[in-house]
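Engineer: The structure under discussion is supplied below as structure tokens; questions concerning it will follow.
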Amino acid sequence: MAYNQEVFAAAQQTLEERRAAAEGRANALRSRMIARYPRVAQLEAEMAASTREITKAVLAGGDIDAVIADVRARNESAQAELARLLHEAGEAADNFAPQYTCSVCGDTGYTDHGVCDCLHRLLADNAAKRLGQSSGMKLTSLDEMDLSFYKEQLPMKRLLDFCRDYGEHFAADSDSLLLFGPTGVGKTHVSLALAKIAAEKGFTVVYGPAQQLLSRLEREHFGKAEGDTAALLTEAELLVLDDLGTELNAPFYQTALYDIINARLLTERPTIISTNLSPAELQGRYGVQIASRILGTYLPLPFKGDDIRQQKLERRLRGL
Ligand SMILES: [Zn+2]
């Protein structure tokens, strides 16, 4: 995936902070230990000297095996003494060395084989976050849903319970969801709440109004803007497409939508779509190819009720 410079710089910055924090903690522990046990500094010097002894022996061409065995034994005894002192001080022996967030690359972002998985993930997360922020949508919580706005509270409660459970158990291979129903009955609220839960669990989440994401994709596709939207929409661990059906009915959007939905289906990545369109209208608008994929594989969650914004306004007017 190609990322822009800002995304890259932000990821590098995070790695640097992680590295500095891990090394800072180890250095602080070392200083505490040396202040309390001056012997620790001696042990460190002995261990460093033993490495030099091996180099010297190799260069001198003597009985290298014997030197190595001897040096290793002394090294082990110094290590053991250091571990004893750390234990006595109530410190975990592992913390004497920097404990990096990523033990594979030591928070450098690179291994001998190239870019480390941790840097890949940071880049995807940063890019997804920037995209989410640019949507102007605010992530919210399921607890803020007010059931008193629904005439049929029981089905809505069941639906929310299902969503709560879905969020709690969200995984990279969770089911895709289709939230459908009239305007203003909480579909966007629920889908953004699920986006928030997944993001808090550490998944890469891309969310936004379908119209906005598709138009961004179009501008990038035709070279009018730079970005990584195409990759993000297919590779995010959760994609939330809000208000599908309000975007322009243009051939480019249809094709792009098909590509995204199909790619995510093939790689079993969950997608949450909210729409005012009924399943029949989805088929009318997007044709069998797209509609059958959505209707055949997404779990349908029907939202019913009257426009909550309208009800809130009425309540306010009545002075409630
Ligand atoms: Zn790493």
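Residue numbers start at 1 in each chain; chains themselves are named A, B, ... in the order of the structure tokens; ligands are numbered from 1 in the order shown.
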Hey, could you make a per-residue contact list for chain A against ligand 1 with 8 Å as the cut-off, showing the nearest pair of atoms and its distance in Å to one decimal, counting only C-alpha atoms and all ligand atoms, sorted by chain and number, as a tab-separated table?
Structural biologist:
```
residue	atom	partner	partner_atom_place_in_ligand_line	distance
A:Thr101	CA	ligand 1	1 (Zn)	7.8
A:Cys102	CA	ligand 1	1 (Zn)	4.6
A:Ser103	CA	ligand 1	1 (Zn)	6.6
A:Val104	CA	ligand 1	1 (Zn)	5.1
A:Cys105	CA	ligand 1	1 (Zn)	4.1
A:Gly106	CA	ligand 1	1 (Zn)	6.3
A:Asp107	CA	ligand 1	1 (Zn)	5.4
A:Thr108	CA	ligand 1	1 (Zn)	6.6
A:Gly109	CA	ligand 1	1 (Zn)	4.9
A:Tyr110	CA	ligand 1	1 (Zn)	6.4
A:Thr111	CA	ligand 1	1 (Zn)	7.4
A:Val115	CA	ligand 1	1 (Zn)	8.0
A:Cys116	CA	ligand 1	1 (Zn)	4.6
A:Asp117	CA	ligand 1	1 (Zn)	5.7
A:Cys118	CA	ligand 1	1 (Zn)	4.3
A:Leu119	CA	ligand 1	1 (Zn)	6.1
```
Engineer: Enumerate as a PyMOL selection string all residues of region 5-191 of chain A assigned to alpha helix (DSSP H) by DSSP on the backbone, naming them with the chain letters and numbers the document uses.
Structural biologist: chain A and resi 5-36+39-60+64-88+117-134+153-168+187-191
Engineer: List the spatial neighbours of Pro302 (chain A) as a PyMOL selection string - criterion: any atom at most 7 Å away, only C-alpha atoms, same-chain residues fewer than 3 positions off excluded.
Structural biologist: chain A and resi 179-181
Engineer: Take the residues from that selection and put them in a file with C-alpha atoms, as a tab-separated table (two decimals), in the first residue's frame.
Structural biologist:
```tsv
chain	number	residue	atom	x	y	z
A	179	LEU	CA	-28.26	-1.79	8.57
A	180	PHE	CA	-31.35	-0.66	6.70
A	181	GLY	CA	-34.42	1.39	7.46
```
Engineer: Quick one: residues within 8 Å of region 227-243 of chain A, only C-alpha atoms counted, chain neighbours fewer than 6 positions away excluded, as a PyMOL selection string?
Structural biologist: chain A and resi 1-4+124+127-128+172+188+191-192+195+198+203-211+213+216-217+220+260-261+263-264+269-276
Engineer: Residues near Glu46 (chain A), anyone? I mean within 12 Å using only C-alpha atoms, not counting same-chain ones fewer than 2 positions away, as number ranges by chain.
Structural biologist: A: 39-44, 48-53, 71-79, 81-82
Engineer: Could you write out the selected residues, including N, CA, C and O atoms, as a PDB file, in the first residue's frame?
Structural biologist:
```pdb
ATOM      1  N   ARG A  39      28.115  -2.844  42.398  1.00  0.00           N
ATOM      2  CA  ARG A  39      28.589  -4.085  41.780  1.00  0.00           C
ATOM      3  C   ARG A  39      27.996  -4.279  40.370  1.00  0.00           C
ATOM      4  O   ARG A  39      28.626  -4.910  39.519  1.00  0.00           O
ATOM      5  N   VAL A  40      26.802  -3.722  40.149  1.00  0.00           N
ATOM      6  CA  VAL A  40      26.139  -3.872  38.850  1.00  0.00           C
ATOM      7  C   VAL A  40      27.016  -3.288  37.732  1.00  0.00           C
ATOM      8  O   VAL A  40      27.156  -3.874  36.661  1.00  0.00           O
ATOM      9  N   ALA A  41      27.647  -2.148  38.002  1.00  0.00           N
ATOM     10  CA  ALA A  41      28.511  -1.523  36.996  1.00  0.00           C
ATOM     11  C   ALA A  41      29.702  -2.437  36.692  1.00  0.00           C
ATOM     12  O   ALA A  41      30.105  -2.595  35.535  1.00  0.00           O
ATOM     13  N   GLN A  42      30.231  -3.073  37.755  1.00  0.00           N
ATOM     14  CA  GLN A  42      31.353  -4.007  37.569  1.00  0.00           C
ATOM     15  C   GLN A  42      30.936  -5.187  36.694  1.00  0.00           C
ATOM     16  O   GLN A  42      31.644  -5.578  35.779  1.00  0.00           O
ATOM     17  N   LEU A  43      29.752  -5.715  37.012  1.00  0.00           N
ATOM     18  CA  LEU A  43      29.255  -6.870  36.244  1.00  0.00           C
ATOM     19  C   LEU A  43      29.104  -6.517  34.772  1.00  0.00           C
ATOM     20  O   LEU A  43      29.486  -7.292  33.894  1.00  0.00           O
ATOM     21  N   GLU A  44      28.593  -5.326  34.529  1.00  0.00           N
ATOM     22  CA  GLU A  44      28.428  -4.878  33.136  1.00  0.00           C
ATOM     23  C   GLU A  44      29.782  -4.802  32.448  1.00  0.00           C
ATOM     24  O   GLU A  44      29.935  -5.227  31.308  1.00  0.00           O
ATOM     25  N   ALA A  48      31.094  -6.874  29.171  1.00  0.00           N
ATOM     26  CA  ALA A  48      31.579  -6.194  27.962  1.00  0.00           C
ATOM     27  C   ALA A  48      32.996  -6.660  27.637  1.00  0.00           C
ATOM     28  O   ALA A  48      33.338  -6.904  26.475  1.00  0.00           O
ATOM     29  N   ALA A  49      33.822  -6.846  28.687  1.00  0.00           N
ATOM     30  CA  ALA A  49      35.204  -7.262  28.469  1.00  0.00           C
ATOM     31  C   ALA A  49      35.254  -8.653  27.857  1.00  0.00           C
ATOM     32  O   ALA A  49      36.115  -8.946  27.017  1.00  0.00           O
ATOM     33  N   SER A  50      34.315  -9.521  28.245  1.00  0.00           N
ATOM     34  CA  SER A  50      34.364 -10.895  27.748  1.00  0.00           C
ATOM     35  C   SER A  50      34.162 -10.941  26.230  1.00  0.00           C
ATOM     36  O   SER A  50      34.757 -11.759  25.542  1.00  0.00           O
ATOM     37  N   THR A  51      33.347 -10.032  25.717  1.00  0.00           N
ATOM     38  CA  THR A  51      33.161  -9.985  24.262  1.00  0.00           C
ATOM     39  C   THR A  51      34.493  -9.634  23.593  1.00  0.00           C
ATOM     40  O   THR A  51      34.861 -10.208  22.570  1.00  0.00           O
ATOM     41  N   ARG A  52      35.175  -8.673  24.205  1.00  0.00           N
ATOM     42  CA  ARG A  52      36.467  -8.262  23.615  1.00  0.00           C
ATOM     43  C   ARG A  52      37.478  -9.414  23.672  1.00  0.00           C
ATOM     44  O   ARG A  52      38.264  -9.593  22.755  1.00  0.00           O
ATOM     45  N   GLU A  53      37.414 -10.197  24.746  1.00  0.00           N
ATOM     46  CA  GLU A  53      38.359 -11.319  24.885  1.00  0.00           C
ATOM     47  C   GLU A  53      38.191 -12.317  23.747  1.00  0.00           C
ATOM     48  O   GLU A  53      39.170 -12.847  23.226  1.00  0.00           O
ATOM     49  N   VAL A  71      34.927 -17.868  28.648  1.00  0.00           N
ATOM     50  CA  VAL A  71      34.266 -16.564  28.643  1.00  0.00           C
ATOM     51  C   VAL A  71      32.769 -16.738  28.869  1.00  0.00           C
ATOM     52  O   VAL A  71      32.140 -16.012  29.631  1.00  0.00           O
ATOM     53  N   ARG A  72      32.206 -17.760  28.213  1.00  0.00           N
ATOM     54  CA  ARG A  72      30.764 -17.991  28.339  1.00  0.00           C
ATOM     55  C   ARG A  72      30.403 -18.313  29.799  1.00  0.00           C
ATOM     56  O   ARG A  72      29.414 -17.802  30.332  1.00  0.00           O
ATOM     57  N   ALA A  73      31.233 -19.134  30.437  1.00  0.00           N
ATOM     58  CA  ALA A  73      30.959 -19.503  31.834  1.00  0.00           C
ATOM     59  C   ALA A  73      30.981 -18.263  32.724  1.00  0.00           C
ATOM     60  O   ALA A  73      30.109 -18.072  33.583  1.00  0.00           O
ATOM     61  N   ARG A  74      31.966 -17.399  32.503  1.00  0.00           N
ATOM     62  CA  ARG A  74      32.061 -16.184  33.336  1.00  0.00           C
ATOM     63  C   ARG A  74      30.878 -15.248  33.061  1.00  0.00           C
ATOM     64  O   ARG A  74      30.336 -14.631  33.976  1.00  0.00           O
ATOM     65  N   ASN A  75      30.538 -15.197  31.780  1.00  0.00           N
ATOM     66  CA  ASN A  75      29.409 -14.353  31.382  1.00  0.00           C
ATOM     67  C   ASN A  75      28.115 -14.809  32.054  1.00  0.00           C
ATOM     68  O   ASN A  75      27.344 -14.009  32.577  1.00  0.00           O
ATOM     69  N   GLU A  76      27.932 -16.132  32.035  1.00  0.00           N
ATOM     70  CA  GLU A  76      26.712 -16.677  32.643  1.00  0.00           C
ATOM     71  C   GLU A  76      26.678 -16.401  34.133  1.00  0.00           C
ATOM     72  O   GLU A  76      25.621 -16.099  34.691  1.00  0.00           O
ATOM     73  N   SER A  77      27.818 -16.502  34.752  1.00  0.00           N
ATOM     74  CA  SER A  77      27.829 -16.267  36.205  1.00  0.00           C
ATOM     75  C   SER A  77      27.564 -14.790  36.511  1.00  0.00           C
ATOM     76  O   SER A  77      26.866 -14.452  37.468  1.00  0.00           O
ATOM     77  N   ALA A  78      28.090 -13.884  35.634  1.00  0.00           N
ATOM     78  CA  ALA A  78      27.805 -12.451  35.819  1.00  0.00           C
ATOM     79  C   ALA A  78      26.313 -12.174  35.604  1.00  0.00           C
ATOM     80  O   ALA A  78      25.686 -11.436  36.375  1.00  0.00           O
ATOM     81  N   GLN A  79      25.758 -12.804  34.581  1.00  0.00           N
ATOM     82  CA  GLN A  79      24.310 -12.647  34.298  1.00  0.00           C
ATOM     83  C   GLN A  79      23.491 -13.109  35.500  1.00  0.00           C
ATOM     84  O   GLN A  79      22.524 -12.448  35.899  1.00  0.00           O
ATOM     85  N   GLU A  81      24.406 -13.336  38.590  1.00  0.00           N
ATOM     86  CA  GLU A  81      24.564 -12.438  39.744  1.00  0.00           C
ATOM     87  C   GLU A  81      23.696 -11.191  39.551  1.00  0.00           C
ATOM     88  O   GLU A  81      23.023 -10.731  40.472  1.00  0.00           O
ATOM     89  N   LEU A  82      23.679 -10.671  38.328  1.00  0.00           N
ATOM     90  CA  LEU A  82      22.858  -9.498  38.017  1.00  0.00           C
ATOM     91  C   LEU A  82      21.376  -9.825  38.250  1.00  0.00           C
ATOM     92  O   LEU A  82      20.641  -9.039  38.866  1.00  0.00           O
TER      93      LEU A  82
END
```
Engineer: Write out as number ranges by chain which residues come within 8 Å of region 303-316 of chain A when counting only C-alpha atoms, dropping same-chain ones fewer than 2 positions away.
Structural biologist: A: 149-152, 156, 179-187, 301, 318-320
Engineer: Between CA of Thr140 (chain A) and CA of Ala9 (chain A), what is the spacing in Å?
Structural biologist: 28.3 Å
